[in-house]
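*Asks:* Here you go, this is target37.cif (mmCIF, C-alpha atoms).
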data_data
#
loop_
_atom_site.group_PDB
_atom_site.id
_atom_site.type_symbol
_atom_site.label_atom_id
_atom_site.label_comp_id
_atom_site.auth_asym_id
_atom_site.auth_seq_id
_atom_site.Cartn_x
_atom_site.Cartn_y
_atom_site.Cartn_z
ATOM 1 C CA ASP A 16 204.917 141.848 166.423
ATOM 2 C CA ILE A 17 208.506 142.822 165.741
ATOM 3 C CA GLU A 18 207.396 145.902 163.790
ATOM 4 C CA ALA A 19 205.484 147.335 166.747
ATOM 5 C CA HIS A 20 207.055 150.290 168.520
ATOM 6 C CA SER A 21 205.013 150.409 171.732
ATOM 7 C CA MET A 22 202.385 148.557 173.749
ATOM 8 C CA LYS A 23 199.787 150.949 172.309
ATOM 9 C CA ASP A 24 200.912 149.978 168.810
ATOM 10 C CA ILE A 25 200.538 146.293 169.716
ATOM 11 C CA GLU A 26 197.075 146.913 171.196
ATOM 12 C CA ASN A 27 196.060 148.807 168.041
ATOM 13 C CA ARG A 28 197.230 145.899 165.891
ATOM 14 C CA ARG A 29 195.271 143.482 168.068
ATOM 15 C CA ASP A 30 192.169 145.673 167.797
ATOM 16 C CA TYR A 31 192.597 145.823 164.019
ATOM 17 C CA SER A 32 192.883 142.037 163.818
ATOM 18 C CA ILE A 33 189.682 141.684 165.874
ATOM 19 C CA LYS A 34 187.880 144.059 163.501
ATOM 20 C CA PHE A 35 189.200 142.070 160.537
ATOM 21 C CA VAL A 36 187.931 138.789 162.004
ATOM 22 C CA ASP A 37 184.563 140.423 162.788
ATOM 23 C CA LYS A 38 184.304 141.538 159.170
ATOM 24 C CA GLU A 39 185.093 138.024 157.910
ATOM 25 C CA ILE A 40 182.544 136.458 160.270
ATOM 26 C CA TYR A 41 179.960 138.915 158.935
ATOM 27 C CA ARG A 42 180.857 137.911 155.351
ATOM 28 C CA LEU A 43 180.313 134.249 156.237
ATOM 29 C CA TYR A 44 177.039 135.068 158.009
ATOM 30 C CA GLU A 45 175.780 137.024 154.969
ATOM 31 C CA PHE A 46 176.802 134.195 152.623
ATOM 32 C CA LEU A 47 174.896 131.635 154.701
ATOM 33 C CA LYS A 48 171.892 133.946 154.754
ATOM 34 C CA LYS A 49 172.030 134.603 150.987
ATOM 35 C CA GLU A 50 172.285 130.884 150.262
ATOM 36 C CA THR A 51 169.288 130.352 152.609
ATOM 37 C CA ILE A 52 171.198 127.865 154.749
ATOM 38 C CA LEU A 53 171.739 130.079 157.820
ATOM 39 C CA GLU A 54 168.727 128.584 159.579
ATOM 40 C CA GLU A 55 170.168 125.092 159.019
ATOM 41 C CA THR A 56 173.630 126.010 160.297
ATOM 42 C CA ILE A 57 175.159 125.745 163.748
ATOM 43 C CA PHE A 58 177.286 128.891 163.912
ATOM 44 C CA ILE A 59 180.082 128.819 166.542
ATOM 45 C CA ILE A 60 182.620 131.538 167.308
ATOM 46 C CA THR A 61 185.219 130.938 169.997
ATOM 47 C CA SER A 62 188.870 131.242 170.888
ATOM 48 C CA ASP A 63 191.328 128.964 172.622
ATOM 49 C CA HIS A 64 192.891 131.713 174.754
ATOM 50 C CA GLY A 65 192.978 135.386 175.609
ATOM 51 C CA ASP A 66 196.071 137.594 175.842
ATOM 52 C CA SER A 67 197.931 139.377 178.610
ATOM 53 C CA PHE A 68 198.773 143.044 178.195
ATOM 54 C CA GLY A 69 200.583 143.618 181.477
ATOM 55 C CA GLU A 70 198.257 141.893 183.931
ATOM 56 C CA HIS A 71 200.386 140.277 186.653
ATOM 57 C CA GLY A 72 203.501 141.556 184.904
ATOM 58 C CA ILE A 73 202.855 139.266 181.933
ATOM 59 C CA TYR A 74 203.011 140.774 178.465
ATOM 60 C CA LEU A 75 201.913 139.302 175.149
ATOM 61 C CA CYS A 76 201.552 135.787 176.475
ATOM 62 C CA ARG A 77 198.766 133.312 175.924
ATOM 63 C CA GLY A 78 199.843 131.256 178.896
ATOM 64 C CA GLY A 79 198.992 131.775 182.504
ATOM 65 C CA LEU A 80 195.910 131.053 184.516
ATOM 66 C CA TYR A 81 194.578 134.557 185.093
ATOM 67 C CA ASP A 82 191.256 135.542 183.570
ATOM 68 C CA ALA A 83 192.929 137.718 180.930
ATOM 69 C CA THR A 84 194.091 134.519 179.224
ATOM 70 C CA ILE A 85 191.541 131.884 180.256
ATOM 71 C CA LYS A 86 188.276 133.738 179.660
ATOM 72 C CA THR A 87 187.309 133.361 176.019
ATOM 73 C CA PRO A 88 184.211 134.106 173.975
ATOM 74 C CA LEU A 89 181.807 131.354 173.044
ATOM 75 C CA ILE A 90 179.068 132.495 170.705
ATOM 76 C CA VAL A 91 176.736 129.808 169.429
ATOM 77 C CA LYS A 92 173.770 130.225 167.106
ATOM 78 C CA PHE A 93 171.636 127.149 166.708
ATOM 79 C CA PRO A 94 169.057 126.908 163.928
ATOM 80 C CA ASP A 95 165.796 128.582 165.001
ATOM 81 C CA SER A 96 167.302 129.782 168.284
ATOM 82 C CA LYS A 97 166.504 132.992 170.115
ATOM 83 C CA ARG A 98 169.221 135.369 171.325
ATOM 84 C CA LYS A 99 170.217 134.642 174.905
ATOM 85 C CA ARG A 100 173.223 135.629 177.007
ATOM 86 C CA ILE A 101 174.494 133.024 179.461
ATOM 87 C CA ASN A 102 177.201 133.685 182.023
ATOM 88 C CA GLU A 103 178.134 130.254 183.319
ATOM 89 C CA LEU A 104 181.267 128.145 183.514
ATOM 90 C CA THR A 105 181.915 126.199 180.329
ATOM 91 C CA MET A 106 184.953 124.789 178.589
ATOM 92 C CA ASN A 107 185.952 124.485 174.933
ATOM 93 C CA VAL A 108 185.802 120.716 175.405
ATOM 94 C CA ASP A 109 181.996 121.168 175.688
ATOM 95 C CA ILE A 110 181.612 122.229 172.050
ATOM 96 C CA ALA A 111 181.825 118.770 170.432
ATOM 97 C CA PRO A 112 179.316 117.116 172.832
ATOM 98 C CA THR A 113 176.957 120.054 172.271
ATOM 99 C CA ILE A 114 177.036 119.602 168.492
ATOM 100 C CA LEU A 115 176.584 115.825 168.795
ATOM 101 C CA ASN A 116 173.671 116.323 171.190
ATOM 102 C CA PHE A 117 172.045 118.886 168.882
ATOM 103 C CA ILE A 118 172.181 116.583 165.856
ATOM 104 C CA ARG A 119 170.942 113.756 168.074
ATOM 105 C CA GLU A 120 174.021 111.655 167.529
ATOM 106 C CA ARG A 121 174.454 109.001 170.192
ATOM 107 C CA LYS A 122 177.010 110.169 172.682
ATOM 108 C CA GLN A 123 180.346 108.571 172.165
ATOM 109 C CA LYS A 124 182.939 108.384 174.907
ATOM 110 C CA ILE A 125 183.982 111.998 174.692
ATOM 111 C CA ASP A 126 185.206 114.593 177.143
ATOM 112 C CA GLY A 127 183.019 117.575 177.898
ATOM 113 C CA LYS A 128 179.313 118.125 178.460
ATOM 114 C CA SER A 129 176.585 119.208 176.111
ATOM 115 C CA LEU A 130 175.611 122.842 176.657
ATOM 116 C CA LEU A 131 172.048 122.258 175.411
ATOM 117 C CA PRO A 132 170.543 121.754 178.887
ATOM 118 C CA LEU A 133 172.136 125.054 179.927
ATOM 119 C CA VAL A 134 170.796 126.829 176.822
ATOM 120 C CA LYS A 135 167.296 125.326 176.957
ATOM 121 C CA THR A 136 166.563 125.277 180.686
ATOM 122 C CA GLY A 137 169.344 127.225 182.395
ATOM 123 C CA LYS A 138 170.536 124.023 184.095
ATOM 124 C CA ILE A 139 174.024 124.679 185.486
ATOM 125 C CA LEU A 140 176.486 122.079 184.213
ATOM 126 C CA ARG A 141 179.481 122.853 186.391
ATOM 127 C CA ASP A 142 180.154 124.583 189.656
ATOM 128 C CA LYS A 143 183.889 124.650 188.883
ATOM 129 C CA ILE A 144 186.372 124.159 186.061
ATOM 130 C CA ILE A 145 189.972 122.952 186.141
ATOM 131 C CA ILE A 146 192.512 124.543 183.792
ATOM 132 C CA THR A 147 196.161 123.684 183.245
ATOM 133 C CA ASP A 148 198.940 126.030 182.156
ATOM 134 C CA SER A 149 200.800 124.242 179.394
ATOM 135 C CA TYR A 150 203.649 126.771 179.565
ATOM 136 C CA CYS A 151 204.651 125.814 183.125
ATOM 137 C CA ASP A 152 205.532 122.648 184.991
ATOM 138 C CA ASP A 153 202.681 121.310 187.144
ATOM 139 C CA ARG A 154 200.589 124.495 187.227
ATOM 140 C CA PHE A 155 196.789 124.434 187.228
ATOM 141 C CA CYS A 156 193.811 126.252 188.691
ATOM 142 C CA GLU A 157 190.370 125.557 190.005
ATOM 143 C CA ARG A 158 187.891 128.318 189.140
ATOM 144 C CA THR A 159 184.355 128.830 190.340
ATOM 145 C CA LYS A 160 182.198 131.859 189.582
ATOM 146 C CA THR A 161 183.439 133.574 192.743
ATOM 147 C CA LYS A 162 186.877 132.136 193.519
ATOM 148 C CA LYS A 163 190.046 131.020 191.789
ATOM 149 C CA THR A 164 192.843 128.960 193.311
ATOM 150 C CA ILE A 165 196.062 128.538 191.341
ATOM 151 C CA PHE A 166 198.397 125.700 192.333
ATOM 152 C CA THR A 167 202.042 125.430 191.259
ATOM 153 C CA LYS A 168 203.696 122.178 192.288
ATOM 154 C CA SER A 169 207.244 122.329 190.961
ATOM 155 C CA GLY A 170 208.530 125.881 191.205
ATOM 156 C CA GLY A 171 206.738 127.246 188.182
ATOM 157 C CA LYS A 172 209.526 127.194 185.602
ATOM 158 C CA CYS A 173 207.947 128.739 182.519
ATOM 159 C CA TYR A 174 208.752 127.111 179.165
ATOM 160 C CA LEU A 175 207.844 130.287 177.324
ATOM 161 C CA CYS A 176 209.841 132.934 179.167
ATOM 162 C CA GLY A 177 212.250 130.665 181.041
ATOM 163 C CA GLY A 178 211.565 132.619 184.199
ATOM 164 C CA GLU A 179 210.657 131.489 187.658
ATOM 165 C CA HIS A 180 208.092 134.245 188.240
ATOM 166 C CA HIS A 181 205.256 131.726 188.579
ATOM 167 C CA LYS A 182 206.767 130.378 191.774
ATOM 168 C CA ASN A 183 203.941 131.023 194.261
ATOM 169 C CA LYS A 184 202.854 127.573 195.348
ATOM 170 C CA LYS A 185 199.270 128.724 195.842
ATOM 171 C CA GLU A 186 197.315 131.816 194.851
ATOM 172 C CA VAL A 187 193.716 132.442 195.917
ATOM 173 C CA TYR A 188 191.558 135.197 194.431
ATOM 174 C CA ASP A 189 188.111 136.422 195.513
ATOM 175 C CA LEU A 190 186.662 137.128 192.069
ATOM 176 C CA GLU A 191 183.572 138.923 193.410
ATOM 177 C CA ASN A 192 185.571 141.585 195.260
ATOM 178 C CA ASP A 193 188.782 141.381 193.219
ATOM 179 C CA PRO A 194 187.860 140.631 189.577
ATOM 180 C CA GLU A 195 191.293 141.805 188.366
ATOM 181 C CA GLU A 196 192.969 139.163 190.561
ATOM 182 C CA GLU A 197 195.286 141.645 192.251
ATOM 183 C CA ILE A 198 195.023 140.461 195.882
ATOM 184 C CA ASN A 199 196.375 136.994 196.569
ATOM 185 C CA LYS A 200 194.426 135.877 199.679
ATOM 186 C CA THR A 201 197.141 133.366 200.695
ATOM 187 C CA ASN A 202 199.478 136.238 201.702
#
Rewrite the structure from the file as C-alpha coordinates, please.

*Replies:*
Amino acid sequence: DIEAHSMKDIENRRDYSIKFVDKEIYRLYEFLKKETILEETIFIITSDHGDSFGEHGIYLCRGGLYDATIKTPLIVKFPDSKRKRINELTMNVDIAPTILNFIRERKQKIDGKSLLPLVKTGKILRDKIIITDSYCDDRFCERTKTKKTIFTKSGGKCYLCGGEHHKNKKEVYDLENDPEEEINKTN
(Lines of atoms letter the chains of each structure in order from A and count residues from 1; the text may use other names and numbers.)
(Lines give C-alpha, C1' and ligand atoms only; values in the text may rest on other atoms or scores of the structure.)
Protein backbone atom coordinates (compact mmCIF):
# COMPACT_ATOMS: atom_id res chain seq x y z
CA ASP A 1 0.00 0.00 0.00
CA ILE A 2 1.69 3.18 -1.16
CA GLU A 3 -0.05 5.20 1.56
CA ALA A 4 1.42 3.09 4.35
CA HIS A 5 4.20 4.66 6.40
CA SER A 6 5.59 1.62 8.22
CA MET A 7 5.39 -2.16 8.45
CA LYS A 8 3.09 -1.73 11.46
CA ASP A 9 0.80 0.44 9.33
CA ILE A 10 0.75 -2.27 6.64
CA GLU A 11 0.01 -4.96 9.24
CA ASN A 12 -2.81 -2.83 10.66
CA ARG A 13 -4.29 -2.42 7.18
CA ARG A 14 -4.05 -6.17 6.63
CA ASP A 15 -5.75 -6.82 9.97
CA TYR A 16 -8.49 -4.35 9.08
CA SER A 17 -9.06 -6.06 5.73
CA ILE A 18 -9.33 -9.44 7.51
CA LYS A 19 -11.92 -7.98 9.90
CA PHE A 20 -13.82 -6.53 6.93
CA VAL A 21 -13.88 -9.91 5.16
CA ASP A 22 -14.97 -11.61 8.40
CA LYS A 23 -17.84 -9.15 8.69
CA GLU A 24 -18.92 -9.81 5.09
CA ILE A 25 -18.76 -13.58 5.59
CA TYR A 26 -20.95 -13.17 8.67
CA ARG A 27 -23.45 -11.12 6.61
CA LEU A 28 -23.61 -13.90 4.02
CA TYR A 29 -23.98 -16.54 6.75
CA GLU A 30 -26.84 -14.59 8.37
CA PHE A 31 -28.55 -14.12 5.00
CA LEU A 32 -28.39 -17.86 4.28
CA LYS A 33 -29.74 -18.57 7.74
CA LYS A 34 -32.57 -16.01 7.42
CA GLU A 35 -33.57 -17.42 4.03
CA THR A 36 -33.52 -20.92 5.61
CA ILE A 37 -31.07 -22.23 3.03
CA LEU A 38 -27.97 -22.44 5.25
CA GLU A 39 -28.54 -26.13 5.91
CA GLU A 40 -28.68 -26.76 2.15
CA THR A 41 -25.50 -24.80 1.42
CA ILE A 42 -21.90 -25.91 1.16
CA PHE A 43 -20.05 -22.98 2.73
CA ILE A 44 -16.33 -22.73 1.81
CA ILE A 45 -13.83 -20.11 2.95
CA THR A 46 -10.26 -20.29 1.70
CA SER A 47 -7.38 -18.31 0.28
CA ASP A 48 -4.91 -18.94 -2.50
CA HIS A 49 -1.88 -17.69 -0.55
CA GLY A 50 -0.59 -16.16 2.65
CA ASP A 51 1.73 -13.16 2.97
CA SER A 52 5.30 -12.59 4.10
CA PHE A 53 6.01 -9.88 6.64
CA GLY A 54 9.77 -10.27 6.89
CA GLU A 55 10.12 -14.04 7.16
CA HIS A 56 13.29 -15.08 5.31
CA GLY A 57 13.90 -11.45 4.42
CA ILE A 58 10.80 -11.40 2.21
CA TYR A 59 8.35 -8.55 2.64
CA LEU A 60 4.84 -8.16 1.27
CA CYS A 61 5.15 -11.00 -1.20
CA ARG A 62 2.72 -13.77 -1.96
CA GLY A 63 5.41 -15.85 -3.59
CA GLY A 64 7.87 -18.15 -1.95
CA LEU A 65 7.58 -21.62 -0.55
CA TYR A 66 7.79 -20.92 3.17
CA ASP A 67 4.79 -21.65 5.36
CA ALA A 68 3.99 -17.95 5.76
CA THR A 69 2.82 -17.95 2.13
CA ILE A 70 1.76 -21.55 1.46
CA LYS A 71 -0.34 -22.30 4.54
CA THR A 72 -3.87 -21.06 3.94
CA PRO A 73 -7.19 -21.48 5.70
CA LEU A 74 -9.75 -23.94 4.43
CA ILE A 75 -13.04 -23.76 6.28
CA VAL A 76 -15.82 -25.95 4.96
CA LYS A 77 -19.34 -26.30 6.32
CA PHE A 78 -21.37 -29.06 4.76
CA PRO A 79 -25.13 -29.26 5.27
CA ASP A 80 -25.92 -31.04 8.56
CA SER A 81 -22.23 -31.30 9.49
CA LYS A 82 -20.75 -31.13 12.97
CA ARG A 83 -17.84 -28.82 13.82
CA LYS A 84 -14.51 -30.59 13.47
CA ARG A 85 -10.93 -29.34 13.21
CA ILE A 86 -8.63 -31.30 10.92
CA ASN A 87 -4.91 -30.67 10.64
CA GLU A 88 -3.85 -32.63 7.58
CA LEU A 89 -2.19 -31.88 4.27
CA THR A 90 -4.65 -30.71 1.63
CA MET A 91 -4.48 -28.55 -1.46
CA ASN A 92 -6.87 -26.03 -3.00
CA VAL A 93 -7.15 -28.39 -5.97
CA ASP A 94 -9.07 -30.72 -3.59
CA ILE A 95 -12.04 -28.35 -3.29
CA ALA A 96 -13.73 -29.15 -6.63
CA PRO A 97 -13.52 -32.96 -6.21
CA THR A 98 -14.90 -32.58 -2.68
CA ILE A 99 -17.94 -30.65 -3.91
CA LEU A 100 -18.53 -33.11 -6.76
CA ASN A 101 -18.24 -36.04 -4.35
CA PHE A 102 -20.64 -34.41 -1.88
CA ILE A 103 -23.33 -33.85 -4.51
CA ARG A 104 -22.71 -37.38 -5.77
CA GLU A 105 -21.67 -36.24 -9.20
CA ARG A 106 -19.69 -38.87 -11.07
CA LYS A 107 -16.04 -38.03 -10.86
CA GLN A 108 -14.75 -36.48 -14.01
CA LYS A 109 -11.08 -36.47 -14.90
CA ILE A 110 -10.09 -33.77 -12.46
CA ASP A 111 -7.03 -33.00 -10.40
CA GLY A 112 -7.25 -33.22 -6.64
CA LYS A 113 -8.88 -35.60 -4.17
CA SER A 114 -12.18 -35.43 -2.38
CA LEU A 115 -11.76 -34.42 1.26
CA LEU A 116 -14.92 -36.29 2.32
CA PRO A 117 -13.09 -39.47 3.41
CA LEU A 118 -10.83 -37.29 5.57
CA VAL A 119 -13.83 -35.45 7.07
CA LYS A 120 -15.98 -38.54 7.63
CA THR A 121 -13.44 -41.13 8.76
CA GLY A 122 -10.16 -39.30 9.33
CA LYS A 123 -8.59 -41.20 6.42
CA ILE A 124 -5.35 -39.42 5.48
CA LEU A 125 -5.33 -38.52 1.79
CA ARG A 126 -1.73 -37.44 1.38
CA ASP A 127 1.53 -37.93 3.17
CA LYS A 128 3.10 -35.09 1.16
CA ILE A 129 2.22 -32.19 -1.11
CA ILE A 130 4.20 -30.60 -3.94
CA ILE A 131 4.04 -26.82 -4.41
CA THR A 132 5.60 -24.66 -7.10
CA ASP A 133 6.70 -21.04 -6.79
CA SER A 134 5.30 -19.25 -9.82
CA TYR A 135 7.48 -16.20 -9.12
CA CYS A 136 10.76 -18.08 -9.67
CA ASP A 137 12.29 -20.25 -12.36
CA ASP A 138 12.15 -23.98 -11.57
CA ARG A 139 11.48 -23.66 -7.83
CA PHE A 140 9.26 -26.10 -5.94
CA CYS A 141 8.97 -27.84 -2.60
CA GLU A 142 7.91 -31.13 -1.14
CA ARG A 143 6.19 -30.75 2.24
CA THR A 144 5.17 -33.40 4.72
CA LYS A 145 3.77 -32.73 8.18
CA THR A 146 7.27 -32.81 9.65
CA LYS A 147 9.68 -31.83 6.87
CA LYS A 148 9.97 -29.44 3.96
CA THR A 149 12.50 -29.62 1.14
CA ILE A 150 12.74 -26.69 -1.27
CA PHE A 151 14.46 -27.28 -4.62
CA THR A 152 15.69 -24.51 -6.93
CA LYS A 153 16.98 -25.76 -10.26
CA SER A 154 18.01 -22.69 -12.23
CA GLY A 155 19.49 -20.13 -9.87
CA GLY A 156 16.23 -18.84 -8.46
CA LYS A 157 15.79 -15.65 -10.47
CA CYS A 158 12.64 -14.09 -9.04
CA TYR A 159 10.18 -12.56 -11.52
CA LEU A 160 8.66 -10.41 -8.81
CA CYS A 161 11.70 -8.78 -7.22
CA GLY A 162 14.26 -9.51 -9.94
CA GLY A 163 16.68 -10.68 -7.29
CA GLU A 164 18.74 -13.80 -7.03
CA HIS A 165 18.13 -14.29 -3.30
CA HIS A 166 16.37 -17.62 -3.89
CA LYS A 167 19.60 -19.17 -5.10
CA ASN A 168 20.04 -22.02 -2.59
CA LYS A 169 19.75 -25.15 -4.68
CA LYS A 170 18.23 -27.09 -1.79
CA GLU A 171 16.77 -26.13 1.57
CA VAL A 172 15.62 -28.68 4.15
CA TYR A 173 13.59 -27.75 7.23
CA ASP A 174 12.64 -29.89 10.24
CA LEU A 175 9.15 -28.50 10.83
CA GLU A 176 8.69 -30.26 14.19
CA ASN A 177 11.74 -28.62 15.78
CA ASP A 178 11.94 -25.54 13.54
CA PRO A 179 8.39 -24.48 12.61
CA GLU A 180 9.59 -21.00 11.58
CA GLU A 181 11.92 -22.57 8.99
CA GLU A 182 15.00 -20.74 10.24
CA ILE A 183 17.57 -23.57 10.17
CA ASN A 184 18.38 -24.94 6.73
CA LYS A 185 19.56 -28.52 7.46
CA THR A 186 21.57 -28.71 4.20
CA ASN A 187 24.17 -26.27 5.62

*Asks:* On this file, the PyMOL selection byres ((chain A and resi 111) around 10) gives some set of residues; write that set as a ChimeraX atom specification.

*Replies:* /A:107-110,112-117,125-130

*Asks:* One number please: atom CA of Glu55 of chain A to atom CA of Arg98 of chain A, in Å, one decimal.

*Replies:*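 These two atoms are separated by 16.1 Å.
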
*Asks:* Using all atoms listed in the file for the distances, tell me which of A:Thr159, A:Met106, A:Thr61, A:Pro194 is nearest to Ala83 of chain A.

*Replies:*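 When distances to Ala83 of chain A are compared using all atoms listed in the file, the smallest one comes from A:Pro194.
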
*Asks:* Run the PyMOL selection byres ((chain A and resi 70) around 10) mentally over the shown coordinates, then write out the matched residues as JSON, numbers by chain, using the chain letters and numbers from the document.

*Replies:* {"A": [66, 67, 68, 69, 71, 72, 73, 74, 75, 81, 82, 83, 84, 195, 196, 197]}

*Asks:* With 5 Å added on each side, what axis-aligned box encloses every listed atom of segment 145-149 of chain A? Give the centre and edge lengths in Å to one decimal, as JSON.

*Replies:*
{"center_x": 195.4, "center_y": 124.5, "center_z": 182.8, "size_x": 20.8, "size_y": 13.1, "size_z": 16.7}

*Asks:* Near segment 28-31 of chain A, within 12 Å and counting only C-alpha atoms, which residues show up once chain neighbours fewer than 2 positions away are dropped, as a PyMOL selection string?

*Replies:* chain A and resi 16-26+33-38+65-68+75

*Asks:* With C-alpha atoms retained, export the selected residues as a PDB file, in the coordinates of the input.

*Replies:*
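Ended up saving to out-v9.pdb:
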ATOM      1  CA  ASP A  16     204.917 141.848 166.423  1.00  0.00           C
ATOM      2  CA  ILE A  17     208.506 142.822 165.741  1.00  0.00           C
ATOM      3  CA  GLU A  18     207.396 145.902 163.790  1.00  0.00           C
ATOM      4  CA  ALA A  19     205.484 147.335 166.747  1.00  0.00           C
ATOM      5  CA  HIS A  20     207.055 150.290 168.520  1.00  0.00           C
ATOM      6  CA  SER A  21     205.013 150.409 171.732  1.00  0.00           C
ATOM      7  CA  MET A  22     202.385 148.557 173.749  1.00  0.00           C
ATOM      8  CA  LYS A  23     199.787 150.949 172.309  1.00  0.00           C
ATOM      9  CA  ASP A  24     200.912 149.978 168.810  1.00  0.00           C
ATOM     10  CA  ILE A  25     200.538 146.293 169.716  1.00  0.00           C
ATOM     11  CA  GLU A  26     197.075 146.913 171.196  1.00  0.00           C
ATOM     12  CA  ILE A  33     189.682 141.684 165.874  1.00  0.00           C
ATOM     13  CA  LYS A  34     187.880 144.059 163.501  1.00  0.00           C
ATOM     14  CA  PHE A  35     189.200 142.070 160.537  1.00  0.00           C
ATOM     15  CA  VAL A  36     187.931 138.789 162.004  1.00  0.00           C
ATOM     16  CA  ASP A  37     184.563 140.423 162.788  1.00  0.00           C
ATOM     17  CA  LYS A  38     184.304 141.538 159.170  1.00  0.00           C
ATOM     18  CA  GLY A  65     192.978 135.386 175.609  1.00  0.00           C
ATOM     19  CA  ASP A  66     196.071 137.594 175.842  1.00  0.00           C
ATOM     20  CA  SER A  67     197.931 139.377 178.610  1.00  0.00           C
ATOM     21  CA  PHE A  68     198.773 143.044 178.195  1.00  0.00           C
ATOM     22  CA  LEU A  75     201.913 139.302 175.149  1.00  0.00           C
TER      23      LEU A  75
END

*Asks:* Taking (178.3, 125.1, 167.8) in the file's coordinates, which residues come within 6 Å, counting only C-alpha atoms, written as a list in words?

*Replies:*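 Here the neighbourhood of the point contains Ile57, Phe58, Ile59, Val91 and Ile114 of chain A.
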
*Asks:* Can you turn the PyMOL selection byres ((chain A and resi 201) around 10) into a concrete residue list for this file, as a count of residues only?

*Replies:* 11

*Asks:* Can you tell me how far atom CA of Ile118 of chain A sits from atom CA of Phe93 of chain A, in Å to one decimal?

*Replies:*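 Value for the atom CA of Ile118 of chain A-atom CA of Phe93 of chain A distance: 10.6 Å.
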
*Asks:* Nearest residue to Lys86 of chain A out of A:Lys49, A:Arg100, A:Arg158, A:His64, using all atoms listed in the file?

*Replies:*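 So, comparing all the options, the nearest one is A:His64.
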
*Asks:* Using all atoms listed in the file, pick whichever of A:Ile85, A:Val134, A:Ile139, A:Leu80 has the shortest atom-to-atom distance to Lys99 of chain A.

*Replies:*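 Closest to Lys99 of chain A, using all atoms listed in the file: A:Val134.
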
*Asks:* Could you work out how far atom CA of Pro88 of chain A lies from atom CA of Tyr44 of chain A, giving the answer in Å with one decimal?

*Replies:*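 Separating atom CA of Tyr44 of chain A from atom CA of Pro88 of chain A is a distance of 17.5 Å.
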
*Asks:* Would you be able to write out as a PyMOL selection string which residues have an atom within 12 Å of (198.5, 125.2, 193.1) in the file's coordinates, counting all atoms listed in the file?

*Replies:* chain A and resi 80+145-148+151-158+163-171+181-187+201
